[in-house]
Amino acid sequence: MSEFNLNIFSYSFIQYALIAALLSGIAAGIIGTYVVVKRISYISGGIAHAVLGGLGAAYFWNVNPLYGALASAIAAALIIGLVKLKLKQNEDTVISALWAIGMSVGIIFANLTPGYNVDLISFLFGNILMITRDSLWLLVILDIVIVLTTLIFYKQFLYVSFDEEYSMIRGINVDFIYLLLLSLVALTVVILVQTVGLILVIALLTLPSAIAHMFSKSLFRIIIYSILLVTFFSVTGLLISIYLNIPSGASIILTCGIGYISAFSVTILRTKN
Amino acid sequence: MANKVIEIQDLTFSFNNVPVLSNISIDVERNDFWGIVGPNGGGKTTLLKLILGFLKPGSGLIKILETDPERARTQIGYVPQFGSMDKAFPITVQQVVEMGLTDSKNFFPWGQSKLRCKVNEVLESLKILPLRKKYFGELSGGQQQRVLIARALISDPEILLLDEPTSSIDSSVEGDFFTLLKSLCKEITILLVSHDVAFISSYVNKIACVNNSLVCHASNEITTPELISGLYKDSVTSIHHKCGL
Ligand SMILES: Nc1ncnc2c1ncn2[C@@H]1O[C@H](COP(=O)(O)OP(=O)(O)OP(=O)(O)O)[C@@H](O)[C@H]1O
Ligand SMILES: [Mg+2]
C-alpha cells in the first residue's frame, strides 16, 4: 500500500491532476462563495450545461474544445445576465431554455461529428487524469484572471451582493458588476468542466462554500475555507478513485457530498446542544 | 447656489397601468425638513424611489440638485423602509456603514484607516459603536435600522431620504435621532416619511400628504386633530391613539 502511495506521485499525469485540483480549488472556492451568498446557483447550472453546445461545435469544426467551452460559457453568462437586467423577465424560464438549448445543440453536433467522440463524454463527467500540460496553462491563466478581478472588485462584489439599491446610490455600476460576476462564473465553469465534468460542476461550485458558510460569517474567511475544501475534496476524491478504480469526477463529487452531509449533521447537532 | 434642491412637475407614475401617483408637483428648497405622510399604499415609498431614479416617471419632470436623479443620487443618503438587502448576508456592521462612503475613487480594500475614525463617529452618535464588529444578520430589527441610518448619514449627503426610519427604534433613541435631524437640516435637506404626524410635526417645517395626489401644508397648520384626521381620511385610528385623544 505505502509503496503504491509513493509511486503514484511520480507519474506526470498524477502530478498534473493534483495541480489541476489546486487550480480548480482556487477558482471554485472564490466564485462558489459568491454563487452561494448571492444565490445564483441556478444561473450557474444554466451556464455549465449550455457549455455542451460550445464543446459540440468545437469538435464539429475541429478547434480546441476548451475555446468552444470558453466562448459558449461567456455567451451563456451574458445572455442570461442581459435578459435579467434588460427584460426583467422571469429569469428561471430563460435559464431553463438556455440550459436545454445548449445541451441539445451539443448532442446534435456530437452526432454530426464523424467517429464516436470519447472526449466529449469526458467533458460531461470530467476526467482530471487526462488533463494535459496545455490545459493546465489555460487553467493557470483563468485562475489569474479570477483572482485579480476579485481582488480589484472585492468591495463592489461585496456591496452589490449585499444591497443592489444602495450600491446604485453610491454610484457603483450594478449591471456591470453583475455581468462581470457571471463572466467569472463562466470562467470557473470552464475550469471545472475538465476536472469534474459539466454535469457535476454545480456541486463543486456550491457545496464547499455552503459548508464554509456554516462555520463562518466573514465573506473573506468563507472564500479561504472554500478554496481549502475544494482542493481537499478534489485530491481526496482523486486518490480514492485511483485506489478503487472508479471514475474520478464522480468520486470527487461524492467525497464533496459526504463532506457536506457531515458538516450539515455537525451543525444540527451543535444547535441542539 | 440655487435653492431648489428637488423640483418635481406634473409627475405621473403607474405600476402596470394602475396609477399610483398623479400630477405631483413639489419644490423642495435647501434646508427644508419635509414630513411625508399618507395612508398605506398612498405612494410615499414610490415617490422616494422616483427621486432616487430607481423608477422612471410615466410623465412629468424630476430634477434633483439641478440634474437627473441618476446623476444626483450619490449626493443622497437613503434609509429604506424595508430594504432590498439580504439580511443573512455575511457582512459586518462596519462594512455596511463603510458602504455609505464608497465612491468611484474609493474601490480598493486597502488604505482605509482614516475611514474607520469617521465610521466610529457615526456609530457613536447612534449609540451602536459596540456593535461595530458584529454581523448585520445577528442584530435586532431596531439595531439594523440604526446601522442603515448610520450608512445614510456617513457620506454627509446633500439630501436625506428617510422612509419610516424609526419604525422599530425605541423612543429614547428616536428622540435623539430627531434632534440630530433637526440640527442637520440647518445644512442639508431632509424628506422624512412617517405615520406619526403628531410626533414629527414638532420637528419638520413642511408636510406633504401623499395619497395618489400630493397636498402640501406648513407644519404649523397641522395642529388640530381634525386636520390630522383630514390628511388620513379613513385611516386615522392610530393617529388618534398617539395623540391621546
Ligand atoms: N413593485 C410593485 N409592483 C406593483 N405595484 C406596486 C409595487 N410597489 C408598490 N406598488 C403599489 O403602489 C402603490 C403605492 O405603494 P407605496 O409602497 O409607494 O406605498 P406607501 O405610501 O409607501 O405605503 P406604506 O405606508 O405601506 O409604506 C400601492 O398601491 C402598491 O400596491
Ligand atoms: Mg412605504
# chains A, B, ... in the order shown; residues from 1 in each chain; ligands from 1
$ residues_near_ligand --ligand "ligand 1" --cutoff "12 Å" --atoms "only C-alpha atoms and all ligand atoms" --output "count of residues only"
51
$ interface_residues --of "chain A" --to "chain B" --cutoff "6 Å" --atoms "only C-alpha atoms" --output "MDAnalysis selection string"
chainID A and resid 162:163 169:171 217:219
$ select_by_dssp --residues "stretch 62-192 of chain A" --states "helix (DSSP H, G or I)" --output "VMD selection string"
chain A and resid 65 to 87 91 to 112 118 to 125 128 to 130 133 to 152 154 to 162 164 to 169 174 to 192
$ atom_distance --atom1 "atom CA of B:Arg132" --atom2 "atom CA of A:Ser226"
25.7 Å
$ atom_distance --atom1 "atom CA of A:Leu181" --atom2 "atom CA of A:Val160"
10.3 Å
$ residues_around --residues "A:Met130" --least-positions-apart "6" --cutoff "12 Å" --atoms "only C-alpha atoms" --output "PyMOL selection string"
chain A and resi 12-18+20+118-119+122-123+136+194-196+247-249
$ residues_around --residues "A:Leu23" --least-positions-apart "6" --cutoff "8 Å" --atoms "only C-alpha atoms" --output "list in words"
Leu139, Val140 and Asp143 of chain A
$ write_last_selection --atoms "all heavy atoms" --output "CSV table (one decimal), in the first residue's frame"
chain,number,residue,atom,x,y,z
A,139,LEU,N,-5.7,26.8,-17.4
A,139,LEU,CA,-6.3,26.9,-16.1
A,139,LEU,C,-5.5,28.0,-15.3
A,139,LEU,O,-6.2,28.7,-14.5
A,139,LEU,CB,-6.2,25.5,-15.3
A,139,LEU,CG,-7.0,24.3,-15.8
A,139,LEU,CD1,-7.2,23.3,-14.7
A,139,LEU,CD2,-8.3,24.8,-16.4
A,140,VAL,N,-4.2,28.0,-15.4
A,140,VAL,CA,-3.4,29.0,-14.7
A,140,VAL,C,-3.9,30.4,-15.1
A,140,VAL,O,-4.1,31.3,-14.2
A,140,VAL,CB,-1.9,28.8,-14.9
A,140,VAL,CG1,-1.1,30.0,-14.4
A,140,VAL,CG2,-1.4,27.5,-14.3
A,143,ASP,N,-7.3,31.2,-13.7
A,143,ASP,CA,-7.2,31.5,-12.3
A,143,ASP,C,-6.6,32.9,-12.0
A,143,ASP,O,-7.2,33.6,-11.1
A,143,ASP,CB,-6.2,30.4,-11.6
A,143,ASP,CG,-7.0,29.3,-10.9
A,143,ASP,OD1,-8.3,29.3,-11.0
A,143,ASP,OD2,-6.4,28.4,-10.3
$ residues_around --residues "B:Val204" --least-positions-apart "4" --cutoff "10 Å" --atoms "only C-alpha atoms" --output "list in words"
Asp32, Phe33, Trp34, Gly35, Ile36, Phe178, Leu181, Lys182, Cys185, Ile190, Leu191, Leu192, Val197, Phe199, Ile200, Ala218, Ser219 and Asn220 of chain B
$ residues_around --residues "A:Val189" --least-positions-apart "3" --cutoff "7 Å" --atoms "only C-alpha atoms" --output "VMD selection string"
chain A and resid 48 185 to 186 192 to 193 201
$ write_last_selection --atoms "all heavy atoms" --output "mmCIF file, in the first residue's frame"
data_model
loop_
_atom_site.group_PDB
_atom_site.id
_atom_site.type_symbol
_atom_site.label_atom_id
_atom_site.label_comp_id
_atom_site.auth_asym_id
_atom_site.auth_seq_id
_atom_site.Cartn_x
_atom_site.Cartn_y
_atom_site.Cartn_z
ATOM 1 N N ALA A 48 -23.255 26.224 -16.985
ATOM 2 C CA ALA A 48 -22.484 24.979 -17.095
ATOM 3 C C ALA A 48 -23.045 24.074 -18.191
ATOM 4 O O ALA A 48 -22.292 23.527 -19.003
ATOM 5 C CB ALA A 48 -22.475 24.255 -15.750
ATOM 6 N N VAL A 185 -18.119 33.399 -13.232
ATOM 7 C CA VAL A 185 -18.747 32.082 -13.064
ATOM 8 C C VAL A 185 -18.470 31.246 -14.312
ATOM 9 O O VAL A 185 -18.110 30.067 -14.226
ATOM 10 C CB VAL A 185 -20.270 32.212 -12.815
ATOM 11 C CG1 VAL A 185 -20.944 30.842 -12.870
ATOM 12 C CG2 VAL A 185 -20.556 32.874 -11.476
ATOM 13 N N ALA A 186 -18.598 31.870 -15.494
ATOM 14 C CA ALA A 186 -18.362 31.160 -16.749
ATOM 15 C C ALA A 186 -16.932 30.622 -16.813
ATOM 16 O O ALA A 186 -16.702 29.464 -17.190
ATOM 17 C CB ALA A 186 -18.649 32.079 -17.937
ATOM 18 N N LEU A 192 -13.802 23.828 -14.226
ATOM 19 C CA LEU A 192 -14.343 22.650 -13.546
ATOM 20 C C LEU A 192 -14.835 21.582 -14.523
ATOM 21 O O LEU A 192 -14.885 20.401 -14.174
ATOM 22 C CB LEU A 192 -15.486 23.061 -12.613
ATOM 23 C CG LEU A 192 -15.097 23.981 -11.454
ATOM 24 C CD1 LEU A 192 -16.281 24.236 -10.554
ATOM 25 C CD2 LEU A 192 -13.942 23.402 -10.657
ATOM 26 N N VAL A 193 -15.213 22.016 -15.738
ATOM 27 C CA VAL A 193 -15.657 21.053 -16.736
ATOM 28 C C VAL A 193 -14.575 19.998 -16.974
ATOM 29 O O VAL A 193 -14.848 18.838 -17.218
ATOM 30 C CB VAL A 193 -16.009 21.794 -18.050
ATOM 31 C CG1 VAL A 193 -15.931 20.869 -19.244
ATOM 32 C CG2 VAL A 193 -17.388 22.414 -17.945
ATOM 33 N N VAL A 201 -20.506 20.115 -12.217
ATOM 34 C CA VAL A 201 -19.897 21.409 -11.879
ATOM 35 C C VAL A 201 -20.577 22.079 -10.689
ATOM 36 O O VAL A 201 -19.936 22.546 -9.747
ATOM 37 C CB VAL A 201 -19.960 22.377 -13.087
ATOM 38 C CG1 VAL A 201 -19.838 23.813 -12.642
ATOM 39 C CG2 VAL A 201 -18.855 22.054 -14.079
#
$ atom_distance --atom1 "atom CA of A:Ile242" --atom2 "atom CA of A:Ile31"
28.0 Å
$ residues_around --residues "A:Phe233" --least-positions-apart "3" --cutoff "7 Å" --atoms "only C-alpha atoms" --output "NGL selection string"
:A and (229-230 or 236-237 or 252 or 255-256)
$ decode --residues "stretch 130-160 of chain A" --atoms "C-alpha atoms" --output "mmCIF file, in the first residue's frame"
data_model
loop_
_atom_site.group_PDB
_atom_site.id
_atom_site.type_symbol
_atom_site.label_atom_id
_atom_site.label_comp_id
_atom_site.auth_asym_id
_atom_site.auth_seq_id
_atom_site.Cartn_x
_atom_site.Cartn_y
_atom_site.Cartn_z
ATOM 1 C CA MET A 130 -6.469 13.256 -18.739
ATOM 2 C CA ILE A 131 -5.532 16.912 -18.244
ATOM 3 C CA THR A 132 -2.675 17.946 -20.499
ATOM 4 C CA ARG A 133 0.108 20.397 -19.881
ATOM 5 C CA ASP A 134 -1.537 22.864 -22.300
ATOM 6 C CA SER A 135 -4.869 22.746 -20.477
ATOM 7 C CA LEU A 136 -3.029 23.335 -17.218
ATOM 8 C CA TRP A 137 -1.612 26.550 -18.611
ATOM 9 C CA LEU A 138 -5.087 27.639 -19.609
ATOM 10 C CA LEU A 139 -6.267 26.886 -16.065
ATOM 11 C CA VAL A 140 -3.422 28.994 -14.665
ATOM 12 C CA ILE A 141 -4.427 31.936 -16.858
ATOM 13 C CA LEU A 142 -8.107 31.624 -15.939
ATOM 14 C CA ASP A 143 -7.175 31.453 -12.253
ATOM 15 C CA ILE A 144 -5.065 34.582 -12.514
ATOM 16 C CA VAL A 145 -7.941 36.430 -14.198
ATOM 17 C CA ILE A 146 -10.368 35.294 -11.499
ATOM 18 C CA VAL A 147 -8.099 36.139 -8.556
ATOM 19 C CA LEU A 148 -7.106 39.558 -9.904
ATOM 20 C CA THR A 149 -10.660 40.528 -10.799
ATOM 21 C CA THR A 150 -11.981 39.558 -7.380
ATOM 22 C CA LEU A 151 -9.187 41.458 -5.650
ATOM 23 C CA ILE A 152 -9.802 44.599 -7.684
ATOM 24 C CA PHE A 153 -13.583 44.431 -7.401
ATOM 25 C CA TYR A 154 -13.774 42.952 -3.889
ATOM 26 C CA LYS A 155 -15.778 45.830 -2.437
ATOM 27 C CA GLN A 156 -18.129 46.153 -5.373
ATOM 28 C CA PHE A 157 -18.863 42.423 -5.345
ATOM 29 C CA LEU A 158 -19.483 42.634 -1.598
ATOM 30 C CA TYR A 159 -21.760 45.665 -1.779
ATOM 31 C CA VAL A 160 -23.677 44.627 -4.889
#
